[in-house]
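Source file: coords.csv. Holds: CSV, C-alpha atoms and all ligand atoms.
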```csv
chain,number,residue,atom,x,y,z
A,1,MET,CA,0.0,0.0,0.0
A,2,THR,CA,1.2,3.5,-0.8
A,3,ILE,CA,1.0,5.7,2.3
A,4,SER,CA,2.2,9.2,1.9
A,5,PRO,CA,-0.4,11.5,0.3
A,6,SER,CA,2.2,14.3,-0.3
A,7,ALA,CA,4.4,11.9,-2.3
A,8,SER,CA,1.6,10.5,-4.4
A,9,ILE,CA,-0.5,13.5,-5.3
A,10,ASP,CA,0.5,16.4,-7.5
A,11,GLN,CA,-0.8,19.2,-5.3
A,12,ASN,CA,-0.2,21.6,-8.2
A,13,ALA,CA,-2.3,19.8,-10.8
A,14,PRO,CA,-4.8,22.2,-12.4
A,15,GLY,CA,-8.5,21.9,-11.7
A,16,LEU,CA,-10.6,21.3,-8.6
A,17,ARG,CA,-9.8,18.5,-6.1
A,18,ILE,CA,-13.0,16.8,-5.4
A,19,GLY,CA,-13.6,14.0,-2.8
A,20,LEU,CA,-16.3,11.5,-3.6
A,21,PHE,CA,-17.6,9.8,-0.4
A,22,GLY,CA,-20.3,7.3,-1.3
A,23,GLY,CA,-22.6,5.6,1.1
A,24,THR,CA,-26.0,4.3,2.0
A,25,PHE,CA,-26.1,6.8,4.9
A,26,ASP,CA,-28.9,5.0,6.7
A,27,PRO,CA,-28.5,7.2,8.7
A,28,PRO,CA,-25.5,9.5,8.3
A,29,HIS,CA,-23.5,9.8,11.5
A,30,VAL,CA,-20.5,11.6,13.0
A,31,GLY,CA,-18.1,8.9,11.7
A,32,HIS,CA,-19.0,10.0,8.1
A,33,LEU,CA,-18.7,13.7,8.9
A,34,VAL,CA,-15.4,13.4,10.8
A,35,THR,CA,-14.0,11.4,8.0
A,36,ALA,CA,-15.1,13.8,5.3
A,37,VAL,CA,-13.8,16.9,6.9
A,38,ASN,CA,-10.5,15.3,7.9
A,39,VAL,CA,-9.8,13.9,4.4
A,40,MET,CA,-10.8,17.3,2.9
A,41,HIS,CA,-8.2,19.0,5.1
A,42,ALA,CA,-5.4,16.4,4.7
A,43,LEU,CA,-5.7,16.3,0.9
A,44,LYS,CA,-6.5,19.9,0.4
A,45,LEU,CA,-9.7,19.1,-1.4
A,46,ASP,CA,-12.0,21.9,-2.6
A,47,GLN,CA,-15.1,19.9,-1.8
A,48,VAL,CA,-16.3,16.5,-0.6
A,49,ILE,CA,-19.5,15.1,-2.1
A,50,LEU,CA,-21.4,12.7,0.1
A,51,MET,CA,-23.0,10.7,-2.6
A,52,VAL,CA,-26.2,8.9,-1.6
A,53,ALA,CA,-26.4,5.4,-3.1
A,54,ASN,CA,-29.7,4.8,-4.9
A,55,VAL,CA,-29.7,1.1,-4.6
A,56,PRO,CA,-26.6,-0.1,-2.7
A,57,TRP,CA,-26.0,-3.3,-4.6
A,58,GLN,CA,-23.8,-4.7,-1.9
A,59,LYS,CA,-26.6,-4.4,0.6
A,60,GLU,CA,-29.5,-5.4,-1.5
A,61,GLY,CA,-31.6,-8.2,0.0
A,62,SER,CA,-29.8,-8.1,3.3
A,63,ARG,CA,-32.2,-5.7,5.1
A,64,ALA,CA,-34.9,-3.1,4.4
A,65,ILE,CA,-33.1,0.1,3.3
A,66,THR,CA,-34.7,3.4,4.2
A,67,PRO,CA,-36.2,5.1,1.1
A,68,VAL,CA,-33.6,7.0,-0.9
A,69,GLN,CA,-35.4,10.4,-0.6
A,70,ASP,CA,-35.3,10.1,3.2
A,71,ARG,CA,-31.6,9.2,3.2
A,72,PHE,CA,-30.9,12.1,0.9
A,73,ALA,CA,-32.8,14.5,3.2
A,74,MET,CA,-30.8,13.3,6.2
A,75,VAL,CA,-27.4,13.8,4.4
A,76,GLU,CA,-28.6,17.2,3.1
A,77,ALA,CA,-29.3,18.2,6.8
A,78,ALA,CA,-26.0,16.7,7.9
A,79,VAL,CA,-23.9,18.8,5.5
A,80,ALA,CA,-25.9,22.0,5.4
A,81,ALA,CA,-23.8,23.9,7.9
A,82,VAL,CA,-20.4,22.4,7.0
A,83,PRO,CA,-18.3,24.4,4.5
A,84,GLY,CA,-17.0,22.2,1.7
A,85,LEU,CA,-19.3,19.3,2.2
A,86,VAL,CA,-22.2,18.8,-0.2
A,87,VAL,CA,-24.8,16.1,-0.7
A,88,GLY,CA,-24.8,14.3,-4.1
A,89,ASP,CA,-27.9,13.2,-6.0
A,90,THR,CA,-26.2,11.8,-9.1
A,91,GLU,CA,-26.9,8.2,-8.3
A,92,ILE,CA,-30.5,9.0,-7.5
A,93,HIS,CA,-31.0,10.6,-10.9
A,94,THR,CA,-29.2,7.8,-12.7
A,95,GLY,CA,-31.5,5.3,-11.0
A,96,GLY,CA,-30.8,1.5,-10.6
A,97,PRO,CA,-27.8,0.2,-8.8
A,98,SER,CA,-25.1,2.7,-7.9
A,99,TYR,CA,-21.7,2.1,-9.5
A,100,THR,CA,-19.0,4.5,-8.6
A,101,VAL,CA,-17.4,4.3,-12.0
A,102,ASP,CA,-20.7,5.6,-13.6
A,103,THR,CA,-21.0,8.2,-11.0
A,104,LEU,CA,-17.6,9.6,-11.7
A,105,ARG,CA,-18.3,9.7,-15.4
A,106,SER,CA,-21.7,11.5,-14.8
A,107,LEU,CA,-20.2,14.0,-12.5
A,108,ARG,CA,-17.6,15.0,-15.1
A,109,LEU,CA,-20.1,15.1,-17.9
A,110,GLN,CA,-22.8,17.0,-16.1
A,111,ASN,CA,-20.7,19.7,-14.3
A,112,PRO,CA,-18.5,22.0,-16.4
A,113,GLU,CA,-16.5,22.8,-13.2
A,114,TYR,CA,-15.5,19.2,-12.8
A,115,VAL,CA,-14.1,18.7,-16.3
A,116,ASN,CA,-10.5,19.2,-15.2
A,117,ALA,CA,-11.1,18.0,-11.6
A,118,THR,CA,-9.0,15.4,-9.9
A,119,PHE,CA,-11.3,13.0,-8.1
A,120,PHE,CA,-10.5,11.3,-4.8
A,121,THR,CA,-12.9,8.4,-3.9
A,122,ILE,CA,-13.0,7.9,-0.2
A,123,VAL,CA,-13.8,4.6,1.5
A,124,GLY,CA,-13.5,3.2,5.0
A,125,ASP,CA,-11.3,0.1,5.2
A,126,ASP,CA,-14.3,-2.2,5.4
A,127,ALA,CA,-15.5,-0.9,2.0
A,128,ALA,CA,-12.0,-0.7,0.7
A,129,ALA,CA,-11.5,-4.4,1.0
A,130,GLY,CA,-14.2,-4.9,-1.6
A,131,VAL,CA,-13.1,-2.2,-4.1
A,132,PRO,CA,-11.4,-4.7,-6.5
A,133,THR,CA,-14.8,-6.3,-7.0
A,134,TRP,CA,-16.5,-3.1,-7.9
A,135,GLU,CA,-18.0,-2.7,-11.3
A,136,ARG,CA,-15.4,-2.0,-14.0
A,137,PHE,CA,-12.6,-1.7,-11.5
A,138,GLN,CA,-9.8,-1.0,-14.0
A,139,GLU,CA,-11.7,1.9,-15.5
A,140,LEU,CA,-12.4,3.1,-12.0
A,141,THR,CA,-8.7,3.4,-11.2
A,142,GLU,CA,-8.2,5.5,-14.3
A,143,LEU,CA,-10.9,8.0,-13.2
A,144,THR,CA,-10.1,8.5,-9.6
A,145,ARG,CA,-7.5,8.2,-6.9
A,146,LEU,CA,-8.6,5.9,-4.1
A,147,VAL,CA,-8.4,7.1,-0.5
A,148,VAL,CA,-8.8,4.8,2.5
A,149,VAL,CA,-9.4,5.6,6.2
A,150,ASP,CA,-9.2,3.0,9.0
A,151,ARG,CA,-12.3,2.2,11.0
A,152,PRO,CA,-12.0,0.7,14.5
A,153,GLY,CA,-11.6,-3.1,14.5
A,154,ALA,CA,-9.1,-5.6,13.1
A,155,PRO,CA,-7.0,-4.2,10.3
A,156,VAL,CA,-8.3,-5.1,6.9
A,157,ALA,CA,-6.1,-6.6,4.2
A,158,LEU,CA,-6.3,-4.3,1.2
A,159,SER,CA,-5.4,-5.0,-2.4
A,160,THR,CA,-1.8,-4.2,-3.2
A,161,ASP,CA,-2.7,-3.6,-6.8
A,162,ILE,CA,-4.1,-0.2,-5.8
A,163,ASP,CA,-2.0,2.9,-5.2
A,164,TRP,CA,-4.0,3.7,-2.1
A,165,ILE,CA,-3.8,7.1,-0.4
A,166,ARG,CA,-4.2,6.4,3.3
A,167,VAL,CA,-5.4,9.3,5.5
A,168,GLU,CA,-5.4,9.1,9.3
A,169,VAL,CA,-8.7,10.3,10.8
A,170,PRO,CA,-10.0,10.0,14.4
A,171,ARG,CA,-11.3,6.4,14.6
A,172,LEU,CA,-14.8,6.5,15.8
A,173,ASP,CA,-16.6,3.3,16.6
A,174,VAL,CA,-19.9,4.5,15.1
A,175,SER,CA,-21.9,2.7,12.5
A,176,SER,CA,-25.3,3.1,10.9
A,177,THR,CA,-26.0,-0.4,11.9
A,178,ASP,CA,-25.4,0.4,15.6
A,179,LEU,CA,-27.5,3.5,15.3
A,180,ARG,CA,-30.4,1.7,13.8
A,181,SER,CA,-30.4,-0.7,16.7
A,182,ARG,CA,-30.2,2.2,19.2
A,183,PHE,CA,-33.4,3.6,17.7
A,184,THR,CA,-35.0,0.2,18.3
A,185,ASP,CA,-33.8,-0.4,21.8
A,186,GLY,CA,-33.8,3.1,23.1
A,187,ARG,CA,-30.1,3.5,23.9
A,188,PRO,CA,-28.7,7.0,23.7
A,189,LEU,CA,-28.0,8.6,20.3
A,190,ASP,CA,-26.4,11.7,21.8
A,191,TYR,CA,-23.1,12.8,20.1
A,192,LEU,CA,-23.3,9.9,17.6
A,193,ILE,CA,-25.6,11.7,15.2
A,194,THR,CA,-26.1,15.4,14.7
A,195,GLN,CA,-29.1,17.4,15.7
A,196,PRO,CA,-30.1,18.4,12.1
A,197,VAL,CA,-30.2,14.8,11.1
A,198,LEU,CA,-32.3,13.9,14.2
A,199,GLY,CA,-34.6,16.7,13.1
A,200,VAL,CA,-35.2,15.0,9.8
A,201,ILE,CA,-35.7,11.6,11.4
A,202,ARG,CA,-38.3,13.1,13.7
A,203,GLU,CA,-40.1,15.0,11.0
A,204,ARG,CA,-40.3,11.9,8.8
A,205,SER,CA,-40.8,9.4,11.6
A,206,LEU,CA,-37.9,7.3,10.4
A,207,TYR,CA,-36.5,4.3,12.2
A,208,SER,CA,-39.8,3.9,14.1
A,209,LEU,CA,-38.6,6.5,16.5
A,210,PRO,CA,-41.2,6.3,19.4
A,211,ILE,CA,-43.6,9.3,19.5
A,212,GLY,CA,-42.4,11.8,22.0
A,213,ALA,CA,-38.9,10.4,22.2
A,214,GLN,CA,-36.2,12.9,23.1
A,215,ALA,CA,-33.8,11.9,20.4
B,301,LIG,P1,-23.9,0.3,7.9
B,301,LIG,O1,-23.5,-0.1,9.3
B,301,LIG,O2,-25.3,0.3,7.6
B,301,LIG,O3,-23.0,-0.5,6.8
B,301,LIG,P2,-22.0,2.4,7.9
B,301,LIG,O4,-21.9,3.1,9.2
B,301,LIG,O5,-20.9,1.4,7.5
B,301,LIG,O6,-23.4,1.8,7.7
B,301,LIG,P3,-22.1,3.3,5.2
B,301,LIG,O7,-23.2,4.2,4.6
B,301,LIG,O8,-22.2,1.8,4.9
B,301,LIG,O9,-22.1,3.5,6.8
B,301,LIG,O10,-20.7,3.8,4.8
B,301,LIG,C1,-20.4,4.7,3.8
B,301,LIG,C2,-18.8,4.9,3.8
B,301,LIG,O11,-18.5,5.5,5.1
B,301,LIG,C3,-18.0,3.6,3.7
B,301,LIG,O12,-16.9,3.8,2.9
B,301,LIG,C4,-17.7,3.3,5.2
B,301,LIG,O13,-16.5,2.5,5.3
B,301,LIG,C5,-17.5,4.7,5.7
B,301,LIG,N1,-17.7,4.8,7.1
B,301,LIG,C6,-18.8,4.5,7.8
B,301,LIG,N2,-18.6,4.7,9.1
B,301,LIG,C7,-17.4,5.1,9.3
B,301,LIG,C8,-16.6,5.5,10.4
B,301,LIG,N3,-17.1,5.4,11.7
B,301,LIG,N4,-15.3,5.9,10.2
B,301,LIG,C9,-14.8,5.9,9.0
B,301,LIG,N5,-15.5,5.6,7.9
B,301,LIG,C10,-16.7,5.2,8.0
B,302,MG,MG,-21.2,0.1,5.9
```
Kindly present the structure from the file in structure tokens form.
Ligand code: ATP
Ligand code: MG
Amino acid sequence: MTISPSASIDQNAPGLRIGLFGGTFDPPHVGHLVTAVNVMHALKLDQVILMVANVPWQKEGSRAITPVQDRFAMVEAAVAAVPGLVVGDTEIHTGGPSYTVDTLRSLRLQNPEYVNATFFTIVGDDAAAGVPTWERFQELTELTRLVVVDRPGAPVALSTDIDWIRVEVPRLDVSSTDLRSRFTDGRPLDYLITQPVLGVIRERSLYSLPIGAQA
């Protein structure tokens, strides 16, 4: 694995430096936000797009996924007050399963400001382990640099065929899976999820939040 970002990135390349951070975001939590802002800072990115997966093909069939418009509204609320972070709807507009390689192509085609951009696709190490199985993987590596951040837990073996950029971010043991079970069993959500996201969850009665709950 290649480690040093400064050695592997031409910081003087022309065009914007755009982070693409895809996810199901069911719901978005502080682990996502801390990762996005820290990668943005470390790699001097102009913007990080939190791209909401339309149909997360890796997760299809394994559980009920919250409707995409609700997940989009939660991510929109999560990034609203954070400079540099934006929510992406490309995969929602494309429809069908969400493949990062198609998303990168669409972003470039649909936004004149991205024509000369350098893309940095950001993944947690759990997702990074599966990157070589992603749709049209070779083409993907021609369209984007791949950035990996560690999540708490056992180290994950990553493909040595990829010139990874590794960024150290605070390791927060927070996951959407844990949050969904917290909604169900009533354990505290405080500090794991931001207030604007909780506002959307309340408004839309997501995750069967009990009526009158203080979340
Ligand atoms: P779930 O438990 O439902 O899989 P999740 O918390 O893993 O949810 P995803 O939407 O699956 O969230 O993840 C989107 C991206 O964010 C993935 O690349 C994942 O590795 C990364 N990610 C999620 N949580 C963290 C975290 N706490 N720290 C760093 N990266 C994270
Ligand atoms: Mg996940």
List every residue of chain A that has an atom at most 10 Å from any atom of ligand MG 302 (chain B), giving for each one its closest atom pair and the distance in Å to one decimal, counting only C-alpha atoms and all ligand atoms, sorted by chain and then by ascending residue number, as CSV.
```
residue,atom,partner,partner_atom,distance
A:Gly23,CA,B:MG302,MG,7.4
A:Thr24,CA,B:MG302,MG,7.5
A:Phe25,CA,B:MG302,MG,8.4
A:Asp26,CA,B:MG302,MG,9.2
A:Gln58,CA,B:MG302,MG,9.5
A:Lys59,CA,B:MG302,MG,8.8
A:Val123,CA,B:MG302,MG,9.7
A:Gly124,CA,B:MG302,MG,8.3
A:Asp125,CA,B:MG302,MG,9.9
A:Asp126,CA,B:MG302,MG,7.3
A:Ala127,CA,B:MG302,MG,7.0
A:Ser175,CA,B:MG302,MG,7.1
A:Ser176,CA,B:MG302,MG,7.1
A:Thr177,CA,B:MG302,MG,7.7
```
Write out the residues from the selection above, keeping C-alpha atoms, as a PDB file, keeping the file's coordinate frame.
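Written file, part-v8.pdb:
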```pdb
ATOM      1  CA  GLY A  23     -22.600   5.600   1.100  1.00  0.00           C
ATOM      2  CA  THR A  24     -26.000   4.300   2.000  1.00  0.00           C
ATOM      3  CA  PHE A  25     -26.100   6.800   4.900  1.00  0.00           C
ATOM      4  CA  ASP A  26     -28.900   5.000   6.700  1.00  0.00           C
ATOM      5  CA  GLN A  58     -23.800  -4.700  -1.900  1.00  0.00           C
ATOM      6  CA  LYS A  59     -26.600  -4.400   0.600  1.00  0.00           C
ATOM      7  CA  VAL A 123     -13.800   4.600   1.500  1.00  0.00           C
ATOM      8  CA  GLY A 124     -13.500   3.200   5.000  1.00  0.00           C
ATOM      9  CA  ASP A 125     -11.300   0.100   5.200  1.00  0.00           C
ATOM     10  CA  ASP A 126     -14.300  -2.200   5.400  1.00  0.00           C
ATOM     11  CA  ALA A 127     -15.500  -0.900   2.000  1.00  0.00           C
ATOM     12  CA  SER A 175     -21.900   2.700  12.500  1.00  0.00           C
ATOM     13  CA  SER A 176     -25.300   3.100  10.900  1.00  0.00           C
ATOM     14  CA  THR A 177     -26.000  -0.400  11.900  1.00  0.00           C
TER      15      THR A 177
END
```
Would you work out the distance separating atom C9 of ligand LIG 301 (chain B) from atom CA of A:Val34, expressed in Å to one decimal?
7.7 Å
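You can rank A:Thr100, A:Thr121, A:Ser62, A:Thr133 by their closest distance to A:Trp164 using all atoms listed in the file, and at the top of that list sits A:Thr121.
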Pick from A:Ser205, A:Thr194, A:Thr66, A:Ser159 nearest to A:Ala78, counting all atoms listed in the file:
A:Thr194
Step by step, measure atom-to-atom distances between ligand LIG 301 (chain B) and each residue using only C-alpha atoms and all ligand atoms, keep those at most 10 Å, then write them as JSON, numbers by chain.
{"A": [21, 22, 23, 24, 25, 26, 27, 28, 29, 30, 31, 32, 33, 34, 35, 36, 50, 51, 52, 53, 56, 58, 59, 63, 65, 71, 121, 122, 123, 124, 125, 126, 127, 128, 129, 131, 147, 148, 149, 150, 151, 152, 168, 169, 170, 171, 172, 173, 174, 175, 176, 177, 178, 179, 180, 192]}
List the neighbours of stretch 104-114 of chain A out to 12 Å using all atoms listed in the file; skip same-chain residues closer than 5 positions along the sequence, and give me the result as a ChimeraX atom specification.
/A:14-22,46-47,49,51,88-94,98-99,119-121,139-145
